[in-house]
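Before any comments, here is the structure.
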Amino acid sequence: MGQLVNSDNRMPGADKEADLTERIEAFLADLKRGGCGTGPIRGSGETARETTALLRKVTAQARWSSAGDLMEIIRKEGRRMTAAQPSETTVGNMVLRVLKIIREEYARSRGSSEETDQQESLHKLLTSGGLSEENFRQHFVHLKANVIEAINELLTELDGTTDNIAMQALEHIHSNEVIMTVGRSRTVEAFLKDAARKRKFHVIVAECAPFCQGHEMATNLSKASIETTVIADAAIFAVMSRVNKVIIGTQTVLANGGLRAVNGTHTVALAARHHSTPLIVCAPMFKLSPQFPNEEDTFHKFVSPHEVLPFTEGEILSKVNVHCPVFDYVPPELITLFISNIGGNAPSYIYRLMSELYHPEDHDL
Amino acid sequence: MSSRGGKQKKGNVTSEQEEEEQPLQAVLVADSFNRRFFPISKDQPRALLPLGNVAMIDYTLEFLTSTGVQETFVFCCWMSNKIKDHLLKSKWCRPTSPNVVHIITSDLYRSLGDVLRDVDAKNLVRNDFILVYGDVVSNIDVSQALQEHRHRRKVDKNISVMTMVFKESSPGHKSRCEEDDVIVAMDSKSKRVLHYQKTQGLKKLQFPMNIFQHGSDEFEIRHDLLDCHISICSPQVAELFTDNFDYQTRNDFVRGILVNEEILGNQIHLYVTQDGYGARVSNLQMYDSVSSDMVRRWVYPLTPEANFTDQQGQGCTHSRHNVYRGAEVSLGHGSQMEENVLIGRDTSIGANCHISNSVIGNNCTIGDNVVLDRAHMWNNVHISSNVEIHQSVVCDGAVVKEAVHLNKQCVLAYNVVIGPNLSLPDGTVVSMHHPEEEEEDDDDEFLSDDQEVGHSKDKTRQKAFNPAEVGPEGKGYIWKASMNDTEDEELAQCLWGLVLNPDPESDSESEASEESQDRSRSVSPEIDDVNAFQLEVLGTLQRGLEENIVCDNLVLEINSLKYAYNITLKEVMQILTRVVLEYPFQQQGTQLTTLQYTGSLLPLLKTWSPVFKNYIKRAQDHLDCLSAVEELFLEQDTHQTAMVKVLMKMYQLEILEEEAILKWFSTGATNDKSRQLRKNQGLQKFIQWLKEAEDESSEEGE
């Protein structure tokens, strides 16, 4: 990244801006085309990093004089980015994180602590209208450097998330256990591989039709010499009685502690509940979204029905409607534990994490 | 699909960059060069017609951009100004666009051939390029095909000139265009196209045997392919179009390449994909099915809610059962959007409406108790209460008054007013342009826009609207009143494609006969050409004899005649044989005795044997020649005894091979007459002799 900034410095200002918009456009186009159902082209970790890096570039290059201006710019870009692929919540999350950083840095520059601002009582909320925005008009010389520094810290945090989660594996996986997982998650893969260094256990992978990412997961696990079995999705309930623990990944953790995860996860969660098998969700903090599961329109993602009923089928296609949703909603009561990069948490604690990560005023861009 | 492709694409780009820094180019032909969408395309070029409230050309450009095309040349002819305006306003012409769009307009393009000749003349392409029409909707990842194409060109230098992209889809699929229905014979291993033929509803198809006689031992004959009209071309394609000025369409080109494969050494390959979606909107039938496929998300990620054109306010939300709603849509009490419905922004819908499988544009108003099924309504359409519309297209600004009933496959062109209290029969086309004005303009269809508009205005003033046809308050002219009128039937075919009713029962008989008529009309209008060609050949040979011209030059002349009259190689040979055998009759009258006939013919055969040898090379040619001989002697049955002598001479001159003669003798008999012919004593003796000769030679060989 440093390299890029250097090369940019040599360019005249106009070129720099054009270059920035070009990169944002390219990122947006990528997001729009992102994924045919198996998920985005890159992992959500990568998307998070890329978003943050872009926002850092915006902070560094855009013209702004006060924190308020900057927040407005970030919000504008953030709206475009989230609109490009509403199902990719990581992008929106990172925008909120950056906004929160700006607020904090501004508050620190002013000498007051952000903490007091945030802890508004219900009474205070009712009496005082939106007074916060005009407070951001003050100019500070070091604000830019500080914000960029803080975003860099965020980037370092993002880089380490998978490792941080994987490190906790030994606390959760014990010898000779049977673990079930569904589909493919990079986080879960790293988690299991880490545990496999010390312990011997068996993994059952539900293939996760129609995209069958489970196959890839199983191949990767067996390469790491983990004993792996692939089962059809229909066999999940039958096999569940033998399973000691279910460990899954997710696409998004919702504000109520529920999940938006790949198709088939709900089946697994219900089967696990029926057999009282603990369900552990490996989810880095950047997947935590302030979204609630009632926003119907952007919540679901339907892709080409090709995988369900191939185009080659011919005549039948004009007589039926085929849908191919990508995500399941898993309600919080089916989840036992979240493992994030900052440790294990129960679903009921999500609200607290939410208020730590995002500022309540930013929840909708 | 696209995600996997995305990765590959990135991989490709890096690997290519090592080899060549050339950006990927594309040629987009934003003109159909036909009038299938008339009268709709009288006001708006086809590439700009909205499909799912987005102009079709935007789909094509998005497809090109997502495959990594960095430079696109858009060629426009008909209403090029409108296309240009549209593109300049779109996101493709923004400075940040990864795909640089160049717009090239000319009123002189009349076919794909003209465009490609211009590409060659202007030297626009430097490398392999993608060739598409401006009405192709696709999300196919062609990077794989591109890689294969490049690999092939690297392995055997410049032999493969084109890779056509096909999508697998079994017959009966609604998105298969009846007109583009093709049968392809291909080499399974190398994916080389051996034979390419449009089926055009034929029940019987013929494949030349020789295509299976060389190359590898695995062949596929496929009918489960959907032509996506996406082709990856080498720069030579443009040159070949320049060299062969008679090529008009890609079809001409493909056939030309295949026919001349041995002469020019060029090959065409095929890329068959199962993933992705690709179809060309070539008529309204296809428009209907592509639009419904798009709403059903087959073209993901090019879905309505993705707003890939990046226009302000175009965004919409997607909810269950594929219901899409733009901004500010109001829906009356009791109205239902059942499934697969797309509603543009600022549209208001009254109470108790039933809408299913329909696309409604921006700024439309719809009254109460309206039933819409498979309706395609564009922008600013006004529908009053109690209207029913089934599978019809209603263009911009049209007004449908109270209690109007549009049956299947009606088209209301721009600004038409219909009703009230009227029911339009199936397949009615109403336009503000008068059909007769249309006919008058027929000759100069490539008039500039302004002229057109001027004309039409004059005429609309002259002719009054018929209230019986379009209703008391109606405005517009019926383009087609009933199905019985033959001329009008053609028009309906033009708009909606050949198969009007998709149920298989009805189209079996009538359609087949219709199509075969069509075929006889379209494929063999060369009857005159053939006759003319025959006369020319005769003249050439005569002159050759009189002026003692060398046979090589005769061949050259005949070849040029072949191109001039667009005659196939097979026909050339048959006609040549015929002309030579009839030559004595031509010269000395038909009253010759057999002896005189042979006496004058045999020296001629000897003189012209090099000409024959030039055309008769492959086994199939031998058989064709023999059948031509047979045909002639069946007609001239008094001279049948001469046939043996002719065959003998031809055998001795090594024009015909013995194997071919034996094969012809054993298999060729198809009717009584020819069987009779084979019983001729002389012939039987000759065959006997041949067989023995063969035995002897084979024994000697051993």
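Residue numbers start at 1 in each chain; chains themselves are named A, B, ... in the order of the structure tokens; ligands are numbered from 1 in the order shown.
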
Residues within 8 Å of range 181-198 of chain A, only C-alpha atoms, excluding chain neighbours under 4 positions, as an MDAnalysis selection string: chainID A and resid 43 162:163 165:170 173 203:208 212:217 220:221 224 226 246:250 262 264:265 268 282:283

Show me, as a JSON list (two decimals) with C-alpha atoms, in the first residue's frame, the residues of chain B whose atoms get within 7 Å of chain A, using only C-alpha atoms for the distance check.
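out08.json was written with the following content:
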```json
[["chain", "number", "residue", "atom", "x", "y", "z"],
["B", 1, "MET", "CA", -19.67, -18.82, -13.62],
["B", 2, "SER", "CA", -18.84, -15.21, -13.27],
["B", 3, "SER", "CA", -17.10, -15.56, -9.96],
["B", 6, "GLY", "CA", -13.42, -13.47, -12.49],
["B", 96, "THR", "CA", -13.51, 6.27, -15.51],
["B", 168, "GLU", "CA", -26.28, -25.70, -24.59],
["B", 169, "SER", "CA", -30.05, -25.82, -24.47],
["B", 170, "SER", "CA", -32.22, -28.64, -25.61],
["B", 171, "PRO", "CA", -34.80, -28.22, -28.36],
["B", 172, "GLY", "CA", -38.10, -26.85, -27.16],
["B", 173, "HIS", "CA", -36.51, -24.27, -24.92],
["B", 174, "LYS", "CA", -38.45, -21.06, -25.22],
["B", 297, "ARG", "CA", -32.83, -13.85, -12.93],
["B", 298, "TRP", "CA", -31.26, -16.14, -15.49],
["B", 299, "VAL", "CA", -28.92, -13.36, -16.50],
["B", 300, "TYR", "CA", -27.69, -12.77, -12.95],
["B", 301, "PRO", "CA", -25.85, -10.51, -12.12],
["B", 306, "ALA", "CA", -28.47, -4.36, -9.79],
["B", 317, "THR", "CA", -35.98, -3.40, -5.01],
["B", 318, "HIS", "CA", -36.41, -7.09, -5.43],
["B", 319, "SER", "CA", -38.80, -9.04, -3.32]]
```

Pick from A:Ala271, A:Ala67, A:Leu353, A:Val281 nearest to Phe140 in chain A, counting only C-alpha atoms: A:Ala67

Contacts of Ile101 in chain A at 8 Å (only C-alpha atoms; same-chain gap of 5+ positions) as a count of residues only: 3

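Ranking B:Ser423, B:Gln274, B:Asn362, B:Asn559 by their shortest atom-to-atom distance to Gly315 in chain B, with only C-alpha atoms included, puts B:Asn362 first.
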
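Take CA of Leu259 in chain A and CA of Thr156 in chain A: the distance between them is 25.7 Å.
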
Near-Val98 in chain A list (8 Å; only C-alpha atoms; drop same-chain fewer than 2 positions) as a PyMOL selection string: chain A and resi 52+55+94-96+100-102+151

Residues near Gln534 in chain B, cut-off 12 Å, only C-alpha atoms, skip fewer than 2 positions along chain, as a ChimeraX atom specification: /B:526-532,536-541,558,561-562,565,567,571-580,582-583

Per-residue DSSP, range 131-177 of chain B, filtered to strand (DSSP E or B), as a PyMOL selection string: chain B and resi 131-133+136-138+160-168

Selection file, C-alpha atoms, as a short mmCIF file (atom, residue, chain, number, x, y, z; two decimals), in the first residue's frame:
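Contents of selection_38.cif, freshly written:
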```
data_model
loop_
_atom_site.label_atom_id
_atom_site.label_comp_id
_atom_site.auth_asym_id
_atom_site.auth_seq_id
_atom_site.Cartn_x
_atom_site.Cartn_y
_atom_site.Cartn_z
CA LEU B 131 -17.94 -9.55 -32.40
CA VAL B 132 -21.46 -9.03 -31.09
CA TYR B 133 -24.69 -7.37 -32.08
CA VAL B 136 -27.24 -9.57 -27.36
CA VAL B 137 -28.03 -10.18 -23.71
CA SER B 138 -25.48 -12.35 -22.04
CA SER B 160 -8.58 -20.88 -36.86
CA VAL B 161 -10.23 -17.60 -37.76
CA MET B 162 -13.32 -17.62 -35.60
CA THR B 163 -14.66 -19.19 -32.44
CA MET B 164 -18.42 -19.05 -32.12
CA VAL B 165 -19.94 -19.18 -28.66
CA PHE B 166 -22.90 -21.47 -28.28
CA LYS B 167 -24.96 -22.29 -25.26
CA GLU B 168 -26.28 -25.70 -24.59
#
```
